[in-house]
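Asker: This is the structure I want to talk about, given as structure tokens.
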Protein chains: 2
Amino acid sequence: SSSSAAGKLEEEVGRVMDQARELHESGASLLWKISNEEQSLRQKAISLESSIRRVRSSINSLISKKLLDPEFARKLEEDLQRASSILTDGEAAAFLPAEAQGRFLRMFLGPINVRASRKEVQLKVKEEYNSYRDRTAFLFLLFPLTLLILKSWIWEGCLPAFPVQLYEAWLLFLYTGLAMRENILRANGSDIRPWWIYHHYCAMLMALVSLTWEIKRQPNCAQKQRGVELFLQWAMMQGVAMLLQNRYQRQRLYTRIALGKANRMDVVWGETSGVDGQLWVLCPILFAMQGFEAYVGLLLLKTAFVGVVTEWQVICCGILLVLMAVGNFINTIQTLMTKSRF
Amino acid sequence: SSSSAAGKLEEEVGRVMDQARELHESGASLLWKISNEEQSLRQKAISLESSIRRVRSSINSLISKKLLDPEFARKLEEDLQRASSILTDGEAAAFLPAEAQGRFLRMFLGPINVRASRKEVQLKVKEEYNSYRDRTAFLFLLFPLTLLILKSWIWEGCLPAFPVQLYEAWLLFLYTGLAMRENILRANGSDIRPWWIYHHYCAMLMALVSLTWEIKRQPNCAQKQRGVELFLQWAMMQGVAMLLQNRYQRQRLYTRIALGKANRMDVVWGETSGVDGQLWVLCPILFAMQGFEAYVGLLLLKTAFVGVVTEWQVICCGILLVLMAVGNFINTIQTLMTKSRF
Ligand SMILES: CC(C)(COP(=O)(O)OP(=O)(O)OC[C@H]1O[C@@H](n2cnc3c(N)ncnc32)[C@H](O)[C@@H]1OP(=O)(O)O)[C@@H](O)C(=O)NCCC(=O)NCCS
Ligand SMILES: CC(C)(COP(=O)(O)OP(=O)(O)OC[C@H]1O[C@@H](n2cnc3c(N)ncnc32)[C@H](O)[C@@H]1OP(=O)(O)O)[C@@H](O)C(=O)NCCC(=O)NCCS
């Protein structure tokens with residue numbers, strides 16, 4: 001009957017309401033409990049960090065006073081290093097006070113936290129970053145190559161503005177994505193050198209500047225478009241560098257995962273010797289690329305000062321390219337030096 | 001003595017190691033516990049959601065069979081609504097399966113989770129968004145105004161390319177930031193209409209297109225720069241619209257916080273009548289602005305088709321402006337209609 005159906009419904013609605021309230025309360029109490037336990041872990045982690053710092057400095061002072069056997073000191077240092085790796089790479093890392101997120105992320109995202117508390121998620125982020133780089137490296141080669149081929153086959157030596165600007169907009173989007181992801185990786189405990197991120201800020205700026213760069217038309221466009229052509233050649237070279245670098249870094253990550261879930265605490269020293277061999281093959285190629293990068297930058301500056309193309313954009317891109325080449329070179333050298341020390 | 005100092009150090013290092021291991025283990029076990037309890041809450045939340053859906057549909061079917069008193073049905077509906085608000089806005093909301101994050105965020109950030117589990121953090125994100133909009137609205141007025149004033153005072157009717165392009169780059173950066181923050185708000189449970197986000201995608205596209213837009217110089221620049229001038233006027237108008245909207249929405253948020261920590265469950269119906277009055281003052285101004293937006297768009301299209309400036313950029317910006325005006329209008333109307341229904 002109608003009234004019994006209504007009664008049954010009312011009962012059900014009441015039950016739903018009770019369940020919702022109950023759920024709300026267990027949610028609130030779980031959040032409360034989590035936040036308490038987190039806080040206590042956080043305090044312990046902070047105090048452990050300062051103990052490590054204290055012990056390390058007393059070791060150093062004993063060494064300098066020659067009161068400690070260097071061999072023994074080295075062993076102690078090794079243990080401290082291991083403890084500190086456990087702290088920063090282990091499960092407790094999620095409870096260390098987050099490093100302040102860089103200005104870049106705050107500028108775009110506001111005060112949101114991008115740190116993942118689980119190691120699996122952090123690994124997933126890293127793998128996604130690698131596959132993103134792979135996908136883009138491919139396009140990086142293909143896009144400018146197509147433009148340059150079409151230029152000589154169909155466009156009779158003259159690039160039309162629209163496809164070039166499309167490409168530049170894509171570059172801007174791409175570098176912004178890379179810079180964001182790298183900042184996120186850093187917030188998740190990656191050891192990436194700050195320069196590799198700054199390098200992408202420079203590339204973002206370059207893509208932005210190149211968008212405002214007027215693509216001159218006939219007559220004489222072959223000469224007037226010299227700057228754009230150099231820019232496209234540089235981009236292709238970037239694609240090659242990225243592909244090589246990706247291959248190496250993917251293998252490096254997999255080796256580390258295989259060795260122990262990519263926790264550096266298991267692989268502190270002499271970690272991935274199998275892969276590090278590859279580095280000595282990769283580096284000469286990288287150096288050659290960096291040389292080419294500087295060369296393109298200098299050519300751009302030359303075309304600007306000889307007076308063929310006198311726009312400020314050409315000068316600006318030239319300076320940025322030289323800056324990036326020098327920075328890349330210095331940082332690659334420093335990476336090699338750090339690695340060979342172990 | 002030296003050997004006792006060494007012994008003490010060794011002891012201390014051992015203690016540090018033990019503490020690090022212990023911390024690692026408590027961290028791991030806490031994460032494990034959290035993930036178990038979260039999972040059980042998540043399952044309860046999902047099953048409650050489906051109960052609500054089931055009860056709601058049986059109410060509807062009884063109504064359509066005329067087996068239920070409409071007055072009584074309305075009361076039941078109200079309760080269900082309240083239960084569902086508790087679920088989606090209460091502390092348990094953090095444990096509901098996250099809505100898939102939009103493509104936009106994934107494109108730039110990868111698979112990182114931007115949902116904050118605590119209500120305070122969500123509110124902080126919202127407040128930061130509001131203050132970001134305030135800061136930018138101010139610049140939005142000032143920047144193009146300065147350009148237009150300098151144009152007639154110093155630059156003799158002719159805008160130089162660089163400052164305009166700087167402004168356009170800033171716009172691009174700004175709209176990207178807004179679009180990201182709005183996507184983040186959405187992932188954190190905001191009811192923002194998708195259109196307001198699409199609107200910012202359109203604005204991003206427009207800023208990007210305008211960057212490739214050649215700023216013509218003498219002679220006759222007053223005529224050739226008509227498009228840019230209209231664009232700057234539109235931007236100023238956007239600044240005014242943003243300032244007004246911010247004032248209204250900030251007050252709305254504070255009213256909601258005052259009424260119950262901005263949980264909609266406490267203010268389901270007839271929520272913020274004090275502020276809603278303001279909406280009727282705000283809307284005519286918004287409509288006027290939207291009219292002006294469409295007018296600027298049509299003017300751009302006219303300059304393009306009459307043949308003064310025939311670049312594709314002008315046509316593209318014209319179309320985008322008309323599209324945005326129409327979309328804004330429709331969505332403002334729909335918002336008003338939804339609000340007046342309660
Ligand atoms: C030299 C190089 C191969 C060393 O790579 P590496 O062995 O991974 O270096 P490190 O051990 O110092 O890496 C530390 C971290 O930084 C990351 N990293 C290193 N170089 C990076 C780069 N160029 N971009 C992004 N991340 C980088 C690593 O993945 C690692 O991350 P993790 O801590 O999360 O595992 C690498 O830095 C490189 O390719 N640099 C040259 C890039 C270049 O010059 N490109 C332009 C050519 S024109
Ligand atoms: C009409 C208007 C004032 C209604 O605002 P409102 O009362 O906050 O609207 P709603 O109640 O539907 O808001 C739901 C949510 O969307 C958010 N929101 C609404 N309009 C928004 C907008 N334009 N941008 C960003 N967020 C918006 C609200 O803050 C609210 O968030 P919450 O759920 O986290 O609290 C507002 O949408 C508006 O100003 N629109 C016109 C914008 C415009 O046309 N600008 C260009 C003029 S040329």
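If you're wondering about the labels, chains in the structure tokens are A, B, ... by order shown, residues count from 1 in each chain, ligands from 1 in order shown.
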Give me, as a PyMOL selection string, the set of residues whose atoms come within 8 Å of any atom of ligand 2, counting only C-alpha atoms and all ligand atoms.

Answerer: chain B and resi 126+182+185-186+189-193+196-197+237-238+241-242+244-246+248-249+252-253+262+276+279+282-283+286-287+289-293+324-325+328-329+331-333+335-336+338-339

Asker: If we count only C-alpha atoms, what is near segment 138-153 of chain A at a cut-off of 7 Å, once residues fewer than 4 positions away on the same chain are taken out, given as a ChimeraX atom specification?

Answerer: /A:134,157-159,232,235-236,239

Asker: Here is a test: counting only C-alpha atoms and all ligand atoms, which residue of A:Trp195, A:Trp32, A:Phe108, A:Trp213 is nearest to ligand 1?

Answerer: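 Closest candidate: A:Trp195.
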
Asker: Please return, as a ChimeraX atom specification, all residues of chain B lying within 6 Å of chain A when only C-alpha atoms are considered.

Answerer: /B:2,17,20,24,27-28,67,83,90-92,108-109,177,181,211-212

Asker: From a DSSP calculation on the backbone, collect every residue of segment 63-243 of chain B in alpha helix (DSSP H) and output the set as a ChimeraX atom specification.

Answerer: /B:63-64,70-89,103-109,119-153,161-187,194-211,221-224,226-243

Asker: Compare A:Glu120, A:Leu171, A:Cys221, A:Arg133 by their minimum atom-to-atom distance to ligand 1, counting only C-alpha atoms and all ligand atoms, and give me the closest one.

Answerer: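 Closest to ligand 1 of all the choices is A:Arg133.
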
Asker: From the list A:Ala294, A:Leu172, A:Ala222, A:Ile315, which residue is nearest ligand 1 when using only C-alpha atoms and all ligand atoms?

Answerer: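 For ligand 1, the nearest of the candidates is A:Ala294.
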
Asker: Record the distance separating atom CA of Ala304 of chain A and atom CA of Arg226 of chain A, expressed in Å with one decimal.

Answerer: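 Value for the atom CA of Ala304 of chain A-atom CA of Arg226 of chain A distance: 10.3 Å.
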